[in-house]
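Structure data (mmCIF, C-alpha atoms) from run05.cif:
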data_target
loop_
_atom_site.label_atom_id
_atom_site.label_comp_id
_atom_site.auth_asym_id
_atom_site.auth_seq_id
_atom_site.Cartn_x
_atom_site.Cartn_y
_atom_site.Cartn_z
CA MET A 1 46.22 -21.93 28.35
CA ASP A 2 42.58 -23.11 28.30
CA ALA A 3 43.40 -26.55 29.73
CA GLY A 4 44.16 -25.33 33.23
CA LEU A 5 41.93 -22.26 33.24
CA THR A 6 38.92 -23.86 34.93
CA GLU A 7 41.07 -25.19 37.75
CA VAL A 8 42.86 -21.83 38.14
CA LYS A 9 39.55 -19.98 38.41
CA ASP A 10 38.43 -22.27 41.20
CA LEU A 11 41.72 -22.05 43.08
CA ILE A 12 42.30 -18.28 43.04
CA PRO A 13 39.81 -17.52 45.88
CA ILE A 14 41.35 -20.34 47.93
CA TRP A 15 44.87 -18.95 47.44
CA MET A 16 43.64 -15.44 48.26
CA GLU A 17 42.22 -16.60 51.57
CA GLU A 18 45.28 -18.71 52.37
CA HIS A 19 47.71 -15.85 51.74
CA LYS A 20 45.45 -13.06 53.07
CA VAL A 21 45.39 -11.21 49.75
CA PRO A 22 42.16 -9.14 49.61
CA GLY A 23 42.07 -8.30 45.91
CA VAL A 24 43.38 -9.63 42.60
CA SER A 25 43.09 -8.47 39.01
CA ILE A 26 44.24 -10.95 36.37
CA SER A 27 44.32 -10.74 32.57
CA LEU A 28 45.35 -13.58 30.25
CA PHE A 29 46.11 -13.04 26.59
CA GLU A 30 46.69 -15.31 23.64
CA ASP A 31 47.45 -14.71 19.97
CA GLY A 32 47.21 -10.94 20.35
CA GLU A 33 43.90 -10.90 22.25
CA ILE A 34 42.89 -10.71 25.89
CA VAL A 35 41.04 -14.01 26.24
CA TRP A 36 40.15 -13.97 29.95
CA SER A 37 40.10 -11.30 32.62
CA ARG A 38 38.83 -11.51 36.18
CA ASP A 39 38.72 -9.12 39.13
CA ILE A 40 38.29 -10.89 42.43
CA GLY A 41 37.98 -9.73 46.01
CA VAL A 42 37.94 -6.21 47.41
CA ARG A 43 39.84 -2.96 47.02
CA SER A 44 40.09 -2.59 50.78
CA SER A 45 39.38 -4.97 53.62
CA LYS A 46 37.94 -2.00 55.52
CA CYS A 47 35.19 -1.03 53.09
CA GLY A 48 34.59 -4.22 51.12
CA VAL A 49 34.19 -2.45 47.75
CA PRO A 50 34.79 -5.04 44.98
CA VAL A 51 37.75 -4.98 42.63
CA THR A 52 36.50 -4.13 39.12
CA PRO A 53 38.17 -3.92 35.69
CA ASP A 54 38.94 -0.22 36.21
CA THR A 55 40.46 -0.71 39.67
CA VAL A 56 43.95 0.81 39.71
CA PHE A 57 46.94 -0.81 41.46
CA GLU A 58 50.52 0.29 42.05
CA ALA A 59 52.33 -1.67 39.35
CA ALA A 60 55.63 -1.32 41.24
CA SER A 61 58.62 -2.66 39.24
CA ILE A 62 56.48 -3.42 36.20
CA SER A 63 57.15 0.32 35.77
CA LYS A 64 60.62 -0.66 34.55
CA PRO A 65 59.86 -2.53 31.30
CA VAL A 66 57.16 0.01 30.39
CA PHE A 67 59.73 2.80 30.76
CA ALA A 68 62.35 0.71 28.94
CA TYR A 69 60.08 0.34 25.91
CA ALA A 70 59.57 4.11 25.67
CA VAL A 71 63.27 4.85 26.10
CA LEU A 72 64.19 2.38 23.36
CA GLY A 73 61.96 4.52 21.16
CA LEU A 74 64.36 7.41 21.83
CA HIS A 75 67.20 5.12 20.79
CA GLU A 76 65.45 4.27 17.51
CA ARG A 77 65.07 7.98 16.81
CA GLY A 78 68.78 8.59 17.44
CA ILE A 79 68.22 10.73 20.55
CA ILE A 80 69.99 8.45 23.06
CA ASP A 81 72.44 5.80 21.89
CA LEU A 82 72.09 2.42 23.56
CA ASP A 83 75.82 2.14 24.19
CA ALA A 84 76.90 5.77 24.68
CA PRO A 85 77.94 6.95 28.17
CA LEU A 86 74.84 8.44 29.80
CA ASP A 87 77.09 11.01 31.43
CA ASP A 88 77.58 12.58 27.98
CA TYR A 89 73.91 13.68 27.94
CA LEU A 90 73.96 15.63 31.21
CA PRO A 91 75.39 19.12 31.82
CA GLU A 92 77.19 17.95 34.97
CA PRO A 93 78.19 14.54 36.38
CA TYR A 94 75.42 12.52 38.01
CA LEU A 95 77.99 11.14 40.46
CA ASP A 96 81.19 12.86 41.53
CA ASP A 97 84.71 11.44 41.67
CA ASP A 98 84.23 8.05 40.03
CA PRO A 99 85.58 7.66 36.49
CA ARG A 100 83.61 4.42 36.11
CA LEU A 101 80.46 6.52 35.68
CA HIS A 102 81.52 6.88 32.03
CA LEU A 103 81.00 3.13 31.60
CA ILE A 104 77.28 3.29 32.43
CA THR A 105 75.09 3.22 29.33
CA MET A 106 71.40 2.74 28.59
CA ARG A 107 72.06 -0.93 27.89
CA ARG A 108 73.74 -1.43 31.28
CA VAL A 109 70.89 0.31 33.09
CA LEU A 110 68.22 -1.79 31.37
CA CYS A 111 69.98 -5.11 32.03
CA HIS A 112 70.89 -4.17 35.63
CA SER A 113 74.67 -4.11 35.39
CA THR A 114 75.45 -0.50 36.39
CA GLY A 115 77.11 -1.39 39.68
CA PHE A 116 74.70 0.85 41.61
CA GLN A 117 72.88 -0.44 44.70
CA ASN A 118 69.14 -1.08 44.32
CA TRP A 119 68.18 2.01 46.35
CA ARG A 120 70.52 4.36 48.18
CA LYS A 121 68.25 4.76 51.26
CA GLU A 122 70.50 6.23 54.00
CA GLU A 123 73.76 5.60 52.19
CA PRO A 124 75.17 7.69 49.32
CA LEU A 125 74.86 6.49 45.75
CA LYS A 126 78.01 4.69 44.64
CA ILE A 127 79.30 2.29 42.01
CA HIS A 128 80.04 -1.01 43.74
CA PHE A 129 81.74 -2.84 40.86
CA GLU A 130 82.88 -2.25 37.30
CA PRO A 131 79.76 -1.48 35.21
CA GLY A 132 78.97 -4.35 32.86
CA GLU A 133 80.83 -6.88 34.99
CA ARG A 134 77.80 -8.67 36.44
CA PHE A 135 74.09 -8.49 37.27
CA SER A 136 72.88 -6.45 40.24
CA TYR A 137 69.24 -5.34 40.27
CA SER A 138 69.08 -1.56 40.59
CA GLY A 139 66.25 0.93 40.75
CA GLU A 140 68.90 3.64 41.06
CA GLY A 141 70.14 2.81 37.58
CA TYR A 142 66.67 3.51 36.22
CA MET A 143 66.55 6.82 38.07
CA TYR A 144 69.83 7.79 36.41
CA LEU A 145 68.41 6.98 32.97
CA GLN A 146 65.25 8.89 33.88
CA ARG A 147 67.35 11.96 34.59
CA VAL A 148 68.93 11.65 31.13
CA VAL A 149 65.53 11.22 29.44
CA GLU A 150 64.19 14.33 31.18
CA GLU A 151 67.26 16.28 30.09
CA VAL A 152 67.19 15.32 26.41
CA THR A 153 63.41 15.60 25.99
CA GLY A 154 62.88 18.66 28.18
CA LEU A 155 59.90 16.91 29.78
CA PRO A 156 59.21 15.51 33.24
CA LEU A 157 58.98 11.74 33.21
CA GLU A 158 55.19 11.65 33.53
CA GLY A 159 54.80 13.95 30.52
CA PHE A 160 57.29 11.99 28.44
CA MET A 161 55.64 8.64 29.22
CA GLU A 162 52.12 9.93 28.53
CA GLY A 163 53.10 11.38 25.16
CA ALA A 164 55.52 8.68 24.05
CA LEU A 165 53.66 5.54 25.08
CA LEU A 166 50.74 5.54 27.50
CA GLY A 167 48.49 7.84 25.48
CA PRO A 168 49.26 6.47 22.00
CA LEU A 169 48.85 2.84 23.14
CA GLY A 170 45.52 3.63 24.79
CA MET A 171 46.72 2.87 28.32
CA VAL A 172 44.13 5.33 29.62
CA ASP A 173 44.22 4.10 33.23
CA SER A 174 48.01 4.30 33.55
CA SER A 175 50.23 7.09 34.87
CA TYR A 176 53.56 7.51 36.65
CA VAL A 177 51.96 10.05 39.02
CA TRP A 178 48.64 10.17 40.84
CA LEU A 179 45.66 11.34 38.80
CA ASP A 180 42.50 12.84 40.26
CA GLY A 181 40.52 10.16 38.43
CA TYR A 182 42.04 7.47 40.67
CA GLU A 183 39.99 8.63 43.66
CA GLY A 184 37.39 5.99 44.37
CA ARG A 185 39.03 3.48 42.00
CA MET A 186 42.30 2.69 43.75
CA ALA A 187 43.07 -0.62 45.44
CA TYR A 188 44.49 -0.11 48.94
CA PRO A 189 47.69 -1.89 50.03
CA HIS A 190 47.48 -4.61 52.69
CA ASP A 191 50.10 -6.13 54.99
CA GLU A 192 50.89 -9.81 55.57
CA GLU A 193 47.87 -10.14 57.87
CA GLY A 194 45.50 -8.55 55.37
CA LYS A 195 45.28 -5.23 57.23
CA ALA A 196 44.64 -2.24 54.95
CA GLY A 197 47.09 0.65 54.76
CA GLY A 198 46.79 4.11 53.28
CA LEU A 199 47.02 5.24 49.67
CA ARG A 200 50.13 6.90 48.29
CA ARG A 201 49.17 9.77 46.03
CA ARG A 202 52.54 10.10 44.35
CA SER A 203 53.40 13.45 42.81
CA GLU A 204 56.98 12.48 41.93
CA ALA A 205 57.36 10.09 39.00
CA LYS A 206 59.87 7.27 39.33
CA SER A 207 60.74 5.24 36.27
CA ALA A 208 61.56 2.22 38.42
CA SER A 209 58.47 2.00 40.58
CA SER A 210 55.71 4.63 40.46
CA LEU A 211 53.43 3.37 37.66
CA TYR A 212 49.73 3.19 38.49
CA SER A 213 47.87 0.82 36.16
CA THR A 214 45.34 -1.96 35.61
CA SER A 215 45.91 -5.55 34.53
CA LEU A 216 44.13 -4.80 31.24
CA ASP A 217 46.41 -1.86 30.41
CA ILE A 218 49.55 -3.88 31.13
CA ALA A 219 48.23 -6.80 29.09
CA ARG A 220 47.64 -4.47 26.12
CA PHE A 221 51.22 -3.22 26.43
CA MET A 222 52.59 -6.77 26.51
CA ILE A 223 50.55 -7.77 23.48
CA GLU A 224 52.32 -4.99 21.58
CA ILE A 225 55.66 -6.59 22.55
CA MET A 226 54.44 -10.05 21.56
CA GLU A 227 53.53 -8.90 18.07
CA PRO A 228 55.84 -6.01 17.13
CA SER A 229 54.93 -4.25 13.92
CA ASP A 230 56.46 -1.84 11.45
CA ARG A 231 53.90 0.81 12.33
CA ASP A 232 54.91 4.33 13.27
CA SER A 233 55.74 5.61 16.76
CA PRO A 234 55.21 4.65 19.56
CA HIS A 235 55.66 1.11 18.27
CA LEU A 236 59.19 -0.26 18.34
CA SER A 237 60.52 -2.05 15.30
CA PRO A 238 60.61 -5.85 15.39
CA GLU A 239 64.42 -5.64 15.42
CA THR A 240 64.43 -3.47 18.56
CA VAL A 241 61.91 -5.74 20.30
CA ASP A 242 64.13 -8.72 19.45
CA GLU A 243 67.06 -6.89 21.07
CA MET A 244 64.91 -6.05 24.10
CA LEU A 245 64.13 -9.73 24.62
CA LYS A 246 67.63 -11.03 23.91
CA PRO A 247 69.80 -12.08 26.88
CA GLN A 248 72.12 -9.19 27.74
CA MET A 249 73.29 -10.30 31.18
CA ARG A 250 73.31 -13.85 32.49
CA VAL A 251 72.11 -14.25 36.10
CA ASN A 252 72.13 -18.04 36.48
CA ASP A 253 71.38 -21.11 34.36
CA SER A 254 67.67 -20.32 34.10
CA ILE A 255 67.53 -16.51 34.35
CA SER A 256 68.98 -13.76 32.17
CA TRP A 257 68.11 -10.11 31.78
CA GLY A 258 67.21 -8.39 28.55
CA LEU A 259 66.58 -4.68 28.08
CA GLY A 260 64.00 -4.01 30.77
CA TRP A 261 62.62 -7.55 31.10
CA GLY A 262 63.81 -10.57 33.00
CA LEU A 263 64.12 -13.67 30.81
CA GLN A 264 63.27 -17.20 31.98
CA HIS A 265 64.84 -20.22 30.29
CA ALA A 266 62.87 -23.44 30.82
CA ASN A 267 62.51 -26.76 29.04
CA ASP A 268 59.35 -25.58 27.29
CA GLY A 269 61.00 -22.42 25.94
CA ASP A 270 61.83 -18.88 26.99
CA SER A 271 59.53 -16.24 28.43
CA PHE A 272 59.93 -12.63 29.51
CA TRP A 273 58.73 -11.40 32.89
CA GLN A 274 58.87 -8.85 35.69
CA TRP A 275 57.71 -8.91 39.28
CA GLY A 276 56.43 -5.87 41.13
CA ASP A 277 56.85 -5.23 44.84
CA ASN A 278 55.74 -2.00 46.47
CA GLY A 279 55.15 -3.42 49.93
CA GLY A 280 51.39 -3.92 50.06
CA TYR A 281 51.18 -4.40 46.29
CA LYS A 282 52.70 -7.52 44.73
CA ASN A 283 52.45 -8.24 41.01
CA PHE A 284 53.75 -10.46 38.24
CA ALA A 285 53.63 -10.26 34.46
CA THR A 286 55.01 -12.82 32.02
CA ALA A 287 54.59 -13.94 28.43
CA SER A 288 55.97 -16.42 25.91
CA ARG A 289 56.34 -15.18 22.34
CA GLU A 290 56.92 -18.75 21.18
CA ARG A 291 53.54 -19.88 22.52
CA GLY A 292 51.83 -16.54 21.94
CA GLU A 293 50.43 -16.31 25.46
CA GLY A 294 50.88 -14.39 28.68
CA VAL A 295 49.34 -13.26 31.93
CA VAL A 296 49.30 -10.20 34.19
CA VAL A 297 48.48 -10.54 37.90
CA LEU A 298 48.09 -7.48 40.14
CA THR A 299 47.38 -7.86 43.86
CA ASN A 300 46.86 -5.55 46.80
CA GLY A 301 48.41 -7.87 49.39
CA ALA A 302 51.93 -8.14 50.81
CA ASN A 303 51.74 -11.93 50.24
CA GLY A 304 50.68 -11.52 46.63
CA LEU A 305 53.84 -13.09 45.19
CA LYS A 306 53.05 -16.28 47.13
CA LEU A 307 49.73 -16.38 45.32
CA CYS A 308 51.48 -15.69 42.00
CA GLU A 309 53.97 -18.49 42.68
CA GLU A 310 51.08 -20.96 42.86
CA LEU A 311 49.04 -19.47 40.03
CA LEU A 312 51.65 -18.85 37.33
CA PRO A 313 52.86 -22.42 36.65
CA MET A 314 49.24 -23.44 36.06
CA ALA A 315 48.25 -20.39 34.01
CA MET A 316 51.39 -20.65 31.86
CA ARG A 317 51.48 -24.48 31.90
CA GLY A 318 55.06 -24.78 32.99
CA PRO A 319 57.77 -23.93 35.54
CA GLN A 320 58.53 -20.31 36.41
CA PRO A 321 62.24 -19.98 37.31
CA ALA A 322 61.66 -16.40 38.51
CA PHE A 323 60.21 -17.93 41.68
CA GLY A 324 61.73 -20.49 44.04
CA GLU A 325 65.42 -20.25 44.82
CA PHE A 326 66.00 -17.21 42.62
CA LEU A 327 63.26 -15.20 44.34
CA ASN A 328 64.65 -16.17 47.75
CA VAL A 329 68.12 -14.96 46.76
CA MET A 330 66.68 -11.69 45.54
CA ARG A 331 64.86 -11.23 48.85
CA GLU A 332 68.03 -11.98 50.81
CA LYS A 333 69.90 -9.31 48.86
CA GLY A 334 67.18 -6.79 49.59
CA TYR A 335 65.95 -6.48 46.00
CA ILE A 336 62.49 -7.76 46.92
CA ILE A 337 60.78 -6.67 50.12
#
Just dump the structure as C-alpha cells.
Amino acid sequence: MDAGLTEVKDLIPIWMEEHKVPGVSISLFEDGEIVWSRDIGVRSSKCGVPVTPDTVFEAASISKPVFAYAVLGLHERGIIDLDAPLDDYLPEPYLDDDPRLHLITMRRVLCHSTGFQNWRKEEPLKIHFEPGERFSYSGEGYMYLQRVVEEVTGLPLEGFMEGALLGPLGMVDSSYVWLDGYEGRMAYPHDEEGKAGGLRRRSEAKSASSLYSTSLDIARFMIEIMEPSDRDSPHLSPETVDEMLKPQMRVNDSISWGLGWGLQHANDGDSFWQWGDNGGYKNFATASRERGEGVVVLTNGANGLKLCEELLPMAMRGPQPAFGEFLNVMREKGYII
C-alpha cells in the first residue's frame, strides 16, 4: 500500500475539487493496524470548518455489514438460525398472503436474495421472485431481519447494536440514531454542485442505512474481520467470519455477495467491500484478507463515489470490480442514487 500512498495524498485534493466533494475522511490499515489516516476539506461549504478525525458522517449502506456481523453473533449463540424461516420468529406474518415468505432466512437477507425490492417507497412491499433464486439488492430485506432481531432480543436496534458490537469494539463515535454529541461534529451533505444541505438527526434506527460513524471506527471494525480471533463476544469465531466472506450468491463473473459484504474477484485475489449512498454522503470500504490491507473512505459529497472510483485502485493497488459497469447497472436499477 505504501508504494502509491504519496501519489494518492497529492491527488485527493485535486479529485475533491474536480468532483465538488467538500470533505473526505480516509483511513488505511495494514496487518491489523491503522497505518495512515487523513481528514481533508470541510464539514460544510457554508461554514468552512475543517474535517477532523472525530468528524461524523452518515455511513449509509456500510450500516449493513456492521449489522450483519452483530446478527451473526446471535446465530453463533443459537438465538437465530442462519437458515430458519425468519417468519418463525415473529408473532404474526411480516407480509400477508404470500407463502414464499417462509423461504426468507437470515442467509437470504444478508446475501440479498429475498426477492424484496430495495425500498418500497410508494408501492407495497412484495416478493418479486422466489427467494434464493437470484441476487437483488434490498434494504427492505435488512429491515425485515431487523424486526426479527428486535423481537428476539427485546431491544430496539440502536440498543442491540450498542450492547452487542459498537460499545464492546470501542466504536465510540458510532450509532444507528442521532446522539447529542454529534452536534458540532457532523459533516453536512452536499449535492452534485457542492451545495450544502441540512443535517438529518435520525431518531429511527435502520439496519440498512442509518449508521453514523467515522472512518477510524469503521476501520477498527474491519480490522476485527481481517483477523478474527477465538476471543469471547462480541467477536465472531474464525469459522463464522469465513462463512461471512464466502460467496453465497453470484452476481456476475467478478462480483459475488457474502453475508453482509460484497465480494470482488480480481486477478490479484479477492476482497470484501461495501459502498454507501445516502444522497449527499457517498462512501466506500474494502479490504483484502490475503494481502492484509484495506481502506475506508467517507465523503460528504453526492459525487463522492466518483472520487472513490479514482482513489481505490491506487490505494488498493489493483482493479475494483465494484465500480465501472457493475456500479452503472446498480444505478440503473435504482439501487444506488
Axis-aligned box over every listed atom of range 188-192 of chain A, padded by 8 Å per side: centre and edges in Å to one decimal, as lines of an AutoDock Vina configuration file?
center_x = 47.7
center_y = -5.0
center_z = 52.3
size_x = 22.4
size_y = 25.7
size_z = 22.6
**OP:** Report as a list of chain:residue names the residues that result from applying the PyMOL selection byres ((chain A and resi 303) around 9) to the structure here.
**Re:** A:His19, A:Lys20, A:Val21, A:His190, A:Asp191, A:Glu192, A:Glu193, A:Gly194, A:Gly280, A:Tyr281, A:Lys282, A:Thr299, A:Asn300, A:Gly301, A:Ala302, A:Gly304, A:Leu305, A:Lys306, A:Leu307
Write out as a short mmCIF file (atom, residue, chain, number, x, y, z; two decimals) with C-alpha atoms, keeping the file's coordinate frame each polymer residue whose atoms come within 7 Å of range 102-109 of chain A, counting only C-alpha atoms; drop sequence neighbours fewer than 3 positions from it.
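New file selection-v7.cif:
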data_model
loop_
_atom_site.label_atom_id
_atom_site.label_comp_id
_atom_site.auth_asym_id
_atom_site.auth_seq_id
_atom_site.Cartn_x
_atom_site.Cartn_y
_atom_site.Cartn_z
CA LEU A 82 72.09 2.42 23.56
CA ASP A 83 75.82 2.14 24.19
CA ALA A 84 76.90 5.77 24.68
CA PRO A 85 77.94 6.95 28.17
CA LEU A 86 74.84 8.44 29.80
CA ASP A 87 77.09 11.01 31.43
CA PRO A 99 85.58 7.66 36.49
CA HIS A 112 70.89 -4.17 35.63
CA SER A 113 74.67 -4.11 35.39
CA THR A 114 75.45 -0.50 36.39
CA PRO A 131 79.76 -1.48 35.21
CA GLY A 132 78.97 -4.35 32.86
CA GLY A 141 70.14 2.81 37.58
CA TYR A 142 66.67 3.51 36.22
CA LEU A 145 68.41 6.98 32.97
CA LEU A 259 66.58 -4.68 28.08
#
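Comparing the minimum interatomic distances between Phe116 in chain A and each of A:Asp98, A:Asp31, A:Asp242, A:Glu140, counting all atoms listed in the file, we find that A:Glu140 sits nearest.
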Original post:
Rounded to one decimal in Å, what is the spacing between CA of Thr6 in chain A and CA of Met316 in chain A?
Top reply: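 So the answer is 13.2 Å.
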Original post:
Quick one: of A:Glu227, A:Asp277, A:Asp54, A:Asp88, who's nearest to Ser174 in chain A, counting all atoms listed in the file?
Top reply: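 Nearest to Ser174 in chain A: A:Asp54.
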Original post:
Got a sec to check which residues sit within 12 Å of (49.1, 7.1, 24.9), counting all atoms listed in the file, and write them as a ChimeraX atom specification?
Top reply: /A:70,158-175,217,220-221,233-235
Original post:
Do you know which residues are at most 10 Å from Glu310 in chain A counting only C-alpha atoms, after dropping those on the same chain fewer than 5 positions away, and could you put them as a count of residues only?
Top reply: 8
**OP:** Expand the PyMOL selection byres ((chain A and resi 151) around 12) into the individual residues it matches in the shown file, reporting them as number ranges by chain.
**Re:** A: 79-80, 86-92, 94, 144-150, 152-157, 160
**OP:** Might you spell out which residues the PyMOL selection byres ((chain A and resi 127) around 6) would select in the displayed file, as a PyMOL selection string?
**Re:** chain A and resi 115-116+126+128-129
Expected file for range 106-200 of chain A keeping C-alpha atoms, as a short mmCIF file (atom, residue, chain, number, x, y, z; two decimals), in the first residue's frame:
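Output file decode.cif is given in full below:
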data_model
loop_
_atom_site.label_atom_id
_atom_site.label_comp_id
_atom_site.auth_asym_id
_atom_site.auth_seq_id
_atom_site.Cartn_x
_atom_site.Cartn_y
_atom_site.Cartn_z
CA MET A 106 -31.13 -14.68 7.59
CA ARG A 107 -28.76 -16.03 4.94
CA ARG A 108 -31.01 -14.84 2.11
CA VAL A 109 -31.34 -11.38 3.66
CA LEU A 110 -27.59 -10.98 4.12
CA CYS A 111 -26.73 -12.08 0.56
CA HIS A 112 -29.57 -10.05 -0.99
CA SER A 113 -31.71 -12.83 -2.42
CA THR A 114 -35.03 -12.28 -0.58
CA GLY A 115 -36.95 -11.18 -3.66
CA PHE A 116 -37.94 -7.89 -1.98
CA GLN A 117 -37.47 -4.57 -3.78
CA ASN A 118 -34.69 -2.31 -2.48
CA TRP A 119 -37.13 0.13 -0.83
CA ARG A 120 -40.91 0.05 -1.02
CA LYS A 121 -41.30 3.86 -1.37
CA GLU A 122 -44.88 4.42 -2.66
CA GLU A 123 -45.51 0.79 -3.56
CA PRO A 124 -46.37 -2.01 -1.11
CA LEU A 125 -43.71 -4.46 -0.01
CA LYS A 126 -43.84 -7.62 -2.10
CA ILE A 127 -41.77 -10.65 -3.06
CA HIS A 128 -40.84 -10.28 -6.72
CA PHE A 129 -39.26 -13.71 -7.30
CA GLU A 130 -38.64 -16.97 -5.49
CA PRO A 131 -36.34 -16.21 -2.52
CA GLY A 132 -32.88 -17.64 -3.09
CA GLU A 133 -33.29 -17.68 -6.86
CA ARG A 134 -31.02 -14.73 -7.67
CA PHE A 135 -29.36 -11.55 -6.40
CA SER A 136 -31.40 -8.39 -5.92
CA TYR A 137 -30.03 -5.72 -3.58
CA SER A 138 -32.58 -4.98 -0.87
CA GLY A 139 -32.65 -2.64 2.09
CA GLU A 140 -36.14 -3.97 2.82
CA GLY A 141 -34.67 -7.40 3.50
CA TYR A 142 -32.47 -5.89 6.18
CA MET A 143 -35.46 -4.14 7.73
CA TYR A 144 -37.24 -7.50 7.93
CA LEU A 145 -34.25 -9.05 9.71
CA GLN A 146 -34.09 -6.00 12.00
CA ARG A 147 -37.69 -6.63 13.02
CA VAL A 148 -36.77 -10.22 13.93
CA VAL A 149 -33.71 -9.11 15.92
CA GLU A 150 -35.80 -6.62 17.89
CA GLU A 151 -38.38 -9.32 18.61
CA VAL A 152 -35.96 -11.99 19.84
CA THR A 153 -33.75 -9.64 21.86
CA GLY A 154 -36.48 -7.39 23.21
CA LEU A 155 -34.34 -4.37 22.34
CA PRO A 156 -34.64 -1.57 19.79
CA LEU A 157 -32.00 -1.83 17.10
CA GLU A 158 -29.88 1.02 18.47
CA GLY A 159 -29.76 -0.61 21.91
CA PHE A 160 -28.93 -4.03 20.48
CA MET A 161 -26.12 -2.69 18.29
CA GLU A 162 -24.59 -0.60 21.08
CA GLY A 163 -24.54 -3.53 23.50
CA ALA A 164 -23.65 -6.28 21.05
CA LEU A 165 -20.97 -4.59 18.97
CA LEU A 166 -20.40 -0.84 18.94
CA GLY A 167 -19.65 -0.47 22.65
CA PRO A 168 -17.56 -3.63 23.12
CA LEU A 169 -15.46 -2.92 20.00
CA GLY A 170 -14.81 0.65 21.13
CA MET A 171 -16.67 2.26 18.22
CA VAL A 172 -17.39 5.23 20.47
CA ASP A 173 -18.33 7.62 17.64
CA SER A 174 -20.84 5.24 16.02
CA SER A 175 -24.59 4.93 16.48
CA TYR A 176 -27.66 3.93 14.45
CA VAL A 177 -29.51 7.00 15.79
CA TRP A 178 -28.52 10.61 16.32
CA LEU A 179 -26.58 11.35 19.51
CA ASP A 180 -26.42 14.74 21.19
CA GLY A 181 -22.63 14.53 20.99
CA TYR A 182 -22.80 14.78 17.19
CA GLU A 183 -23.78 18.46 17.36
CA GLY A 184 -20.84 20.49 16.13
CA ARG A 185 -19.03 17.40 14.80
CA MET A 186 -21.24 16.29 11.92
CA ALA A 187 -20.29 16.61 8.26
CA TYR A 188 -23.10 18.18 6.22
CA PRO A 189 -24.31 16.54 2.99
CA HIS A 190 -23.65 18.30 -0.33
CA ASP A 191 -25.25 17.97 -3.76
CA GLU A 192 -23.56 17.44 -7.13
CA GLU A 193 -22.65 21.14 -7.29
CA GLY A 194 -21.14 21.18 -3.82
CA LYS A 195 -24.08 23.00 -2.22
CA ALA A 196 -24.61 22.13 1.45
CA GLY A 197 -27.86 20.60 2.67
CA GLY A 198 -29.28 20.12 6.13
CA LEU A 199 -28.46 17.50 8.76
CA ARG A 200 -30.73 14.55 9.39
#
